[in-house]
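Below is one structure, written out as structure tokens; comments come after it.
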Number of protein chains: 4
Amino acid sequence: MTTPPSARPRVRATASKKRLFAASMQLLGARGPNAVSVDEIAQMAGVSKGTVYYNFGSKDEMIGQVLEFGADMLVAELDQAAANPKPREALRAMATIAVEFVEKYPSFAQIWISEQLRPESDWGDQITPVYSRVTSTLVEVLDRLVILAPEEKQPAATAIFGAALFSARMRTVSDNVADREATLNAVLYSVEGLLATHQHVVP
Amino acid sequence: MTTPPSARPRVRATASKKRLFAASMQLLGARGPNAVSVDEIAQMAGVSKGTVYYNFGSKDEMIGQVLEFGADMLVAELDQAAANPKPREALRAMATIAVEFVEKYPSFAQIWISEQLRPESDWGDQITPVYSRVTSTLVEVLDRLVILAPEEKQPAATAIFGAALFSARMRTVSDNVADREATLNAVLYSVEGLLATHQHVVP
Amino acid sequence: MTTPPSARPRVRATASKKRLFAASMQLLGARGPNAVSVDEIAQMAGVSKGTVYYNFGSKDEMIGQVLEFGADMLVAELDQAAANPKPREALRAMATIAVEFVEKYPSFAQIWISEQLRPESDWGDQITPVYSRVTSTLVEVLDRLVILAPEEKQPAATAIFGAALFSARMRTVSDNVADREATLNAVLYSVEGLLATHQHVVP
Amino acid sequence: MTTPPSARPRVRATASKKRLFAASMQLLGARGPNAVSVDEIAQMAGVSKGTVYYNFGSKDEMIGQVLEFGADMLVAELDQAAANPKPREALRAMATIAVEFVEKYPSFAQIWISEQLRPESDWGDQITPVYSRVTSTLVEVLDRLVILAPEEKQPAATAIFGAALFSARMRTVSDNVADREATLNAVLYSVEGLLATHQHVVP
DNA sequence: GATGAATGAGACTTCATTCAT
DNA sequence: GATGAATGAAGTCTCATTCAT
């Protein structure tokens with residue numbers, strides 16, 4: 001209500017909101033939505049529970065915003081890496097970024113991976129985008145590397161994204177943490193496979 | 001399993017448990033543990049809630065058993081496919097099986113993918129095994145295909161598993177469902193990549 | 001149902017019933033009715049839960065019978081001690097018996113002490129008797145010792161009974177277990193008090 | 001209800017907790033912990049069940065606090081009566097107080113008497129103190145009356161406490177309620193006994 | 001802007017009891 | 001006589017949400 005007539009309706013972040021954001025990012029990123037209560041977030045943020053509702057209206061809305069924020073962060077970095085004119089290097093950089101991000105916010109990967117499910121995902125509308133935003137970037141880069149039939153593009157990007165996310169996630173869980181280099185190489189075998197089986201864009 | 005030799009139908013053995021199993025498999029497979037209540041499962045199975053506790057003791061125990069059952073199912077099929085003497089065909093068969101399984105029990109993939117997280121997963125002990133059981137089979141097959149350094153094996157298998165699971169999962173969600181063939185190919189690019197970058201076992 | 005036409009309807013105790021009795025006595029005597037489940041009793045007795053209901057009809061009925069049994073045991077011993085022609089010795093013997101009984105079945109004392117309460121005691125009808133049976137015996141003995149006004153009798157017996165039961169109970173809990181002799185003496189001060197303030201039956 | 005029309009209703013300070021306290025005191029004091037459900041307490045207090053958990057965290061914690069409160073009440077009164085310079089009068093006053101207290105909160109006596117049992121009483125830590133706090137006061141008073149050997153003190157106090165509690169309790173149950181005077185006298189026979197068998201402090 | 005007391009739906013679990021075999 | 005499977009009422013507790021201040 002009372003939406004500004006024009007200009008950016010930009011949510012003016014109060015101090016409380018910022019603290020809630022930080023706390024959520026940490027808690028959600030570490031344990032996932034279901035395992036974190038509003039009480040806990042409010043407490044870690046040092047505000048009252050009511051403040052959560054004052055600022056976000058609902059838990060789901062808050063999670064959505066946090067998730068969106070995380071997604072923006074990741075996508076921004078990926079897009080930047082994608083800008084590298086050499087597609088192979090771009091891809092390796094992107095994979096590196098993904099692995100590092102997952103290392104830092106383990107649960108985000110989990111959420112993104114898993115919440116694809118819910119037919120009518122509660123706050124899935126803010127989520128699916130991660131997948132599509134990333135794969136569309138991936139497709140662009142792949143297009144600069146090999147010549148793909150239209151129907152091959154999305155599946156290829158999906159496979160790479162899945163391999164990266166899952167591998168990264170396993171690294172954060174497994175005892176015998178594969179060293180990062182090995183993980184990156186494994187993820188990028190897909191790319192080698194594409195190169196081996198498709199015509200290159202630049203000879 | 002493996003009903004007594006003596007042939008006695010002995011059917012008395014817990015029809016309720018079977019019904020609970022079926023209901024759980026379906027509900028859990030479709031919505032995940034947190035989104036399903038014991039009430040709901042009992043109701044779908046057509047038994048009282050108490051029966052769940054009579055048969056399983058707790059919700060977690062039940063989920064654990066269902067998950068284990070699903071894992072056994074998948075792993076058994078995969079192992080069978082892995083037996084194919086030609087490793088490339090074995091891998092394609094395995095990928096096909098994975099994709100089909102996920103199609104049938106969408107949430108299982110999600111659970112397996114996502115529940116890697118919980119540091120001390122509640123019923124994770126029955127879960128992580130899926131990952132390790134599958135990757136160890138994968139490693140065996142890969143070993144019959146290309147020559148891999150020890151430290152490359154697990155990451156390679158992990159990447160393939162992740163790509164397969166995630167791609168399969170997306171197929172069940174996405175609107176523009178990639179056709180299965182395209183998905184399989186995309187998943188198997190990793191394998192092509194391995195072949196392209198490593199020495200083959202058999203020339 | 002199916003009560004024998006005549007003769008004593010004596011409950012013919014089956015083997016199962018005996019085992020249930022033994023188990024109940026032990027469990028109830030150690031933890032009290034509320035803290036013991038029918039499952040537990042049946043298990044300790046090595047019979048099925050259904051057998052409890054076949055033999056007793058209900059948990060309360062079973063508890064009642066067990067409690068009654070314990071009461072009979074105690075009362076029988078007390079009555080025997082009360083037979084001692086010298087009232088003072090009889091009283092000391094009775095106190096000794098009480099203390100020893102409580103030592104052996106701590107929870108019985110507790111139940112008897114505490115379950116006086118329930119206005120409509122669930123199985124209180126089998127219980128209150130302990131108190132009245134004991135105090136009536138006590139009154140008889142006291143009558144042989146001192147001359148009491150009618151209205152003094154019951155309160156005096158009650159006080160002695162309470163002191164004995166409670167003291168005995170504390171001995172089983174307390175760390176610094178008072179030695180039995182000291183406890184007995186303390187309980188019997190009431191008797192000395194009676195002697196000091198009332199006319200003796202025999203000079 | 002009965003919300004003050006104006007002025008600062010400032011009563012805001014947990015009126016609910018107070019009401020819960022009152023209701024608990026009454027219900028628990030009348031029927032004991034096991035026979036009272038949280039629902040019932042909440043209902044009698046006119047608050048929601050959730051409020052109980054908001055204020056106390058758990059049923060046990062609430063019971064603990066209520067019991068502690070009751071104990072404090074009783075002990076405070078007893079200590080005051082114990083201050084009477086004439087020990088015999090002090091003792092009679094203490095007995096009177098105990099009897100009256102039990103009359104008012106019948107179940108408290110029961111709980112205190114009975115919960116001595118549980119080896120590791122759930123909330124017994126708040127309970128046992130009643131016994132020791134009272135007996136230590138009793139010992140002090142007795143010391144001002146007669147000369148007792150160290151090892152006689154605790155048992156004597158225990159016997160008196162037991163006699164008083166139990167006698168008082170029986171008065172609230174029994175049909176032929178002994179008149180209070182008779183009960184008091186009976187309880188105090190122990191004291192007479194002590195006087196008759198020990199050297200007096202003051203001749 | 002913010003708070004914290006209060007709520008109530010709903011989750012999991014226990015357990016005395018019933019009944020067909 | 002005995003059993004084991006099944007039940008369902010009742011209990012404790014959690015947590016997202018509301019609202020007066």
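As shown in the structure tokens, the chain order sets the letters A, B, ...; within each chain, residues go from 1, and ligands are also counted from 1 in the order they appear.
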*Could you please select, counting only C-alpha atoms (C1' of nucleotides), the residues of chain F within 9 Å of chain A and state them as a ChimeraX atom specification?*
/F:15-17
Go ahead and write the residues just picked, all heavy atoms, as an mmCIF file, in the first residue's frame.
data_model
loop_
_atom_site.group_PDB
_atom_site.id
_atom_site.type_symbol
_atom_site.label_atom_id
_atom_site.label_comp_id
_atom_site.auth_asym_id
_atom_site.auth_seq_id
_atom_site.Cartn_x
_atom_site.Cartn_y
_atom_site.Cartn_z
ATOM 1 P P DC F 15 10.158 -24.901 16.032
ATOM 2 O OP1 DC F 15 10.946 -25.599 15.010
ATOM 3 O OP2 DC F 15 10.842 -24.178 17.129
ATOM 4 O "O5'" DC F 15 9.182 -23.889 15.293
ATOM 5 C "C5'" DC F 15 8.132 -24.440 14.495
ATOM 6 C "C4'" DC F 15 7.209 -23.329 14.064
ATOM 7 O "O4'" DC F 15 6.134 -23.182 15.023
ATOM 8 C "C3'" DC F 15 7.873 -21.951 13.968
ATOM 9 O "O3'" DC F 15 7.379 -21.314 12.812
ATOM 10 C "C2'" DC F 15 7.394 -21.241 15.216
ATOM 11 C "C1'" DC F 15 5.984 -21.810 15.344
ATOM 12 N N1 DC F 15 5.412 -21.730 16.702
ATOM 13 C C2 DC F 15 4.027 -21.674 16.863
ATOM 14 O O2 DC F 15 3.312 -21.716 15.875
ATOM 15 N N3 DC F 15 3.517 -21.581 18.112
ATOM 16 C C4 DC F 15 4.338 -21.546 19.164
ATOM 17 N N4 DC F 15 3.797 -21.469 20.374
ATOM 18 C C5 DC F 15 5.759 -21.592 19.014
ATOM 19 C C6 DC F 15 6.252 -21.679 17.774
ATOM 20 P P DA F 16 8.358 -20.431 11.954
ATOM 21 O OP1 DA F 16 9.178 -21.343 11.146
ATOM 22 O OP2 DA F 16 9.008 -19.425 12.824
ATOM 23 O "O5'" DA F 16 7.319 -19.711 10.990
ATOM 24 C "C5'" DA F 16 6.415 -20.501 10.238
ATOM 25 C "C4'" DA F 16 5.048 -19.838 10.206
ATOM 26 O "O4'" DA F 16 4.482 -19.799 11.536
ATOM 27 C "C3'" DA F 16 5.050 -18.401 9.705
ATOM 28 O "O3'" DA F 16 3.869 -18.214 8.931
ATOM 29 C "C2'" DA F 16 5.018 -17.577 10.995
ATOM 30 C "C1'" DA F 16 4.198 -18.465 11.926
ATOM 31 N N9 DA F 16 4.561 -18.362 13.343
ATOM 32 C C8 DA F 16 5.816 -18.350 13.877
ATOM 33 N N7 DA F 16 5.835 -18.266 15.185
ATOM 34 C C5 DA F 16 4.500 -18.229 15.544
ATOM 35 C C6 DA F 16 3.844 -18.145 16.792
ATOM 36 N N6 DA F 16 4.489 -18.077 17.963
ATOM 37 N N1 DA F 16 2.495 -18.115 16.794
ATOM 38 C C2 DA F 16 1.854 -18.193 15.620
ATOM 39 N N3 DA F 16 2.349 -18.276 14.379
ATOM 40 C C4 DA F 16 3.698 -18.289 14.415
ATOM 41 P P DT F 17 3.676 -16.823 8.208
ATOM 42 O OP1 DT F 17 2.886 -17.121 7.006
ATOM 43 O OP2 DT F 17 4.964 -16.109 8.111
ATOM 44 O "O5'" DT F 17 2.730 -16.038 9.217
ATOM 45 C "C5'" DT F 17 1.464 -16.609 9.556
ATOM 46 C "C4'" DT F 17 0.801 -15.805 10.651
ATOM 47 O "O4'" DT F 17 1.482 -15.998 11.915
ATOM 48 C "C3'" DT F 17 0.764 -14.283 10.443
ATOM 49 O "O3'" DT F 17 -0.597 -13.898 10.372
ATOM 50 C "C2'" DT F 17 1.436 -13.699 11.671
ATOM 51 C "C1'" DT F 17 1.296 -14.829 12.678
ATOM 52 N N1 DT F 17 2.300 -14.842 13.767
ATOM 53 C C2 DT F 17 1.852 -14.805 15.059
ATOM 54 O O2 DT F 17 0.666 -14.770 15.354
ATOM 55 N N3 DT F 17 2.845 -14.815 16.013
ATOM 56 C C4 DT F 17 4.215 -14.843 15.802
ATOM 57 O O4 DT F 17 4.996 -14.852 16.732
ATOM 58 C C5 DT F 17 4.614 -14.881 14.417
ATOM 59 C C7 DT F 17 6.065 -14.922 14.061
ATOM 60 C C6 DT F 17 3.651 -14.875 13.474
#
_Those of range 8-203 of chain C in DSSP helix (DSSP H, G or I), formatted as an MDAnalysis selection string_ = chainID C and resid 15:31 33:35 38:45 49:56 59:82 87:104 106:114 124:126 128:143 150:171 180:197
*Near-DA9 in chain F list (10 Å; only C-alpha atoms (C1' of nucleotides); drop same-chain fewer than 2 positions) as an MDAnalysis selection string*: (chainID E and resid 15) or (chainID F and resid 7 11)
Go through chain A and flag each residue having an atom no more than 12 Å from chain E; for those, report the closest pair of atoms plus their distance in Å to one decimal, using only C-alpha atoms (C1' of nucleotides), ordered by chain and rising number, as a tab-separated table.
residue	atom	partner	partner_atom	distance
A:Thr14	CA	E:DG1	C1'	9.2
A:Ala15	CA	E:DG1	C1'	10.5
A:Ser16	CA	E:DA2	C1'	9.3
A:Lys17	CA	E:DG1	C1'	10.9
A:Asp39	CA	E:DG4	C1'	11.8
A:Ala42	CA	E:DT3	C1'	11.8
A:Gly46	CA	E:DA2	C1'	12.0
A:Val47	CA	E:DA2	C1'	8.5
A:Ser48	CA	E:DT3	C1'	6.1
A:Lys49	CA	E:DT3	C1'	8.0
A:Gly50	CA	E:DT3	C1'	6.3
A:Thr51	CA	E:DA2	C1'	6.1
A:Val52	CA	E:DA2	C1'	9.8
A:Tyr53	CA	E:DA2	C1'	10.3
A:Tyr54	CA	E:DA2	C1'	8.0
A:Asn55	CA	E:DG1	C1'	9.3
Keeping all heavy atoms for every residue in the selection just given, could you write it to a file as a CSV table (one decimal), in the first residue's frame?
chain,number,residue,atom,x,y,z
A,14,THR,N,15.9,-0.3,6.3
A,14,THR,CA,16.2,0.3,7.6
A,14,THR,C,17.3,-0.5,8.2
A,14,THR,O,17.8,-1.5,7.7
A,14,THR,CB,15.0,0.1,8.5
A,14,THR,OG1,14.8,-1.3,8.7
A,14,THR,CG2,13.8,0.8,7.9
A,15,ALA,N,17.8,0.0,9.4
A,15,ALA,CA,18.9,-0.8,10.0
A,15,ALA,C,18.4,-2.1,10.4
A,15,ALA,O,19.1,-3.1,10.2
A,15,ALA,CB,19.3,0.0,11.3
A,16,SER,N,17.2,-2.2,10.9
A,16,SER,CA,16.6,-3.5,11.4
A,16,SER,C,16.6,-4.5,10.2
A,16,SER,O,17.0,-5.6,10.3
A,16,SER,CB,15.2,-3.3,11.9
A,16,SER,OG,15.3,-2.6,13.1
A,17,LYS,N,16.1,-3.9,9.1
A,17,LYS,CA,16.0,-4.8,7.9
A,17,LYS,C,17.3,-5.3,7.5
A,17,LYS,O,17.5,-6.5,7.2
A,17,LYS,CB,15.3,-4.0,6.8
A,17,LYS,CG,14.9,-4.9,5.7
A,17,LYS,CD,13.9,-4.2,4.7
A,17,LYS,CE,13.3,-5.2,3.7
A,17,LYS,NZ,12.3,-4.5,2.9
A,39,ASP,N,11.8,-16.9,15.0
A,39,ASP,CA,12.4,-16.5,16.3
A,39,ASP,C,13.9,-16.4,16.3
A,39,ASP,O,14.5,-15.5,16.7
A,39,ASP,CB,12.0,-17.6,17.4
A,39,ASP,CG,10.7,-17.4,18.0
A,39,ASP,OD1,10.6,-16.5,18.9
A,39,ASP,OD2,9.7,-18.0,17.6
A,42,ALA,N,15.2,-13.6,14.2
A,42,ALA,CA,15.0,-12.3,14.9
A,42,ALA,C,16.1,-12.2,16.0
A,42,ALA,O,16.7,-11.1,16.2
A,42,ALA,CB,13.6,-12.2,15.5
A,46,GLY,N,19.0,-9.6,16.6
A,46,GLY,CA,18.9,-8.7,17.7
A,46,GLY,C,17.7,-7.8,17.6
A,46,GLY,O,17.7,-6.7,18.2
A,47,VAL,N,16.7,-8.2,17.0
A,47,VAL,CA,15.4,-7.5,16.9
A,47,VAL,C,14.3,-8.4,17.4
A,47,VAL,O,14.5,-9.6,17.6
A,47,VAL,CB,15.1,-7.0,15.5
A,47,VAL,CG1,16.3,-6.1,15.0
A,47,VAL,CG2,14.8,-8.1,14.6
A,48,SER,N,13.1,-7.8,17.6
A,48,SER,CA,12.0,-8.6,18.0
A,48,SER,C,11.4,-9.3,16.8
A,48,SER,O,11.6,-8.9,15.7
A,48,SER,CB,11.0,-7.7,18.7
A,48,SER,OG,10.2,-7.1,17.7
A,49,LYS,N,10.6,-10.3,17.2
A,49,LYS,CA,10.0,-11.1,16.1
A,49,LYS,C,9.0,-10.2,15.3
A,49,LYS,O,8.9,-10.4,14.1
A,49,LYS,CB,9.3,-12.3,16.7
A,49,LYS,CG,8.8,-13.3,15.7
A,49,LYS,CD,8.6,-14.7,16.2
A,49,LYS,CE,7.9,-14.8,17.5
A,49,LYS,NZ,7.5,-16.2,17.7
A,50,GLY,N,8.4,-9.4,16.0
A,50,GLY,CA,7.4,-8.5,15.4
A,50,GLY,C,8.1,-7.7,14.3
A,50,GLY,O,7.4,-7.4,13.2
A,51,THR,N,9.3,-7.4,14.5
A,51,THR,CA,10.0,-6.6,13.5
A,51,THR,C,10.1,-7.3,12.1
A,51,THR,O,10.1,-6.7,11.1
A,51,THR,CB,11.4,-6.2,14.0
A,51,THR,OG1,11.2,-5.5,15.2
A,51,THR,CG2,12.2,-5.3,13.0
A,52,VAL,N,10.3,-8.6,12.2
A,52,VAL,CA,10.3,-9.4,11.0
A,52,VAL,C,9.0,-9.1,10.2
A,52,VAL,O,9.1,-8.8,9.0
A,52,VAL,CB,10.4,-10.9,11.3
A,52,VAL,CG1,10.3,-11.7,10.0
A,52,VAL,CG2,11.8,-11.1,12.0
A,53,TYR,N,7.9,-9.2,10.9
A,53,TYR,CA,6.7,-9.0,10.2
A,53,TYR,C,6.4,-7.6,9.8
A,53,TYR,O,5.8,-7.3,8.8
A,53,TYR,CB,5.5,-9.6,11.1
A,53,TYR,CG,5.6,-11.1,11.1
A,53,TYR,CD1,6.5,-11.7,12.0
A,53,TYR,CD2,5.0,-11.8,10.1
A,53,TYR,CE1,6.6,-13.1,11.9
A,53,TYR,CE2,5.1,-13.2,10.1
A,53,TYR,CZ,5.9,-13.8,11.0
A,53,TYR,OH,6.1,-15.2,10.9
A,54,TYR,N,7.0,-6.7,10.6
A,54,TYR,CA,6.8,-5.3,10.2
A,54,TYR,C,7.6,-5.0,8.9
A,54,TYR,O,7.1,-4.4,8.0
A,54,TYR,CB,7.4,-4.4,11.3
A,54,TYR,CG,7.3,-2.9,10.9
A,54,TYR,CD1,6.1,-2.2,10.9
A,54,TYR,CD2,8.4,-2.3,10.4
A,54,TYR,CE1,6.0,-0.9,10.5
A,54,TYR,CE2,8.4,-1.0,10.0
A,54,TYR,CZ,7.2,-0.3,10.1
A,54,TYR,OH,7.1,1.0,9.7
A,55,ASN,N,8.7,-5.6,8.8
A,55,ASN,CA,9.6,-5.4,7.6
A,55,ASN,C,9.3,-6.2,6.4
A,55,ASN,O,9.5,-5.8,5.2
A,55,ASN,CB,11.1,-5.5,8.0
A,55,ASN,CG,11.6,-4.3,8.7
A,55,ASN,OD1,11.8,-3.3,8.1
A,55,ASN,ND2,11.8,-4.5,10.0
*Using only C-alpha atoms, find which residues of chain A lie within 9 Å of chain B and jot them down as number ranges by chain.*
A: 30-31, 34, 106-107, 109-111, 113-119, 151-167, 169-170, 172-174, 178-179, 182-197
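Going from CA of Glu100 in chain B over to CA of His198 in chain A, you cover 26.6 Å.
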*Please indicate the distance in Å from CA of Leu142 in chain B to CA of Gln199 in chain B, rounded to one decimal place.*
11.8 Å
*Which value, in Å to one decimal, gives the distance between CA of Val134 in chain B and CA of Met25 in chain B?*
20.3 Å
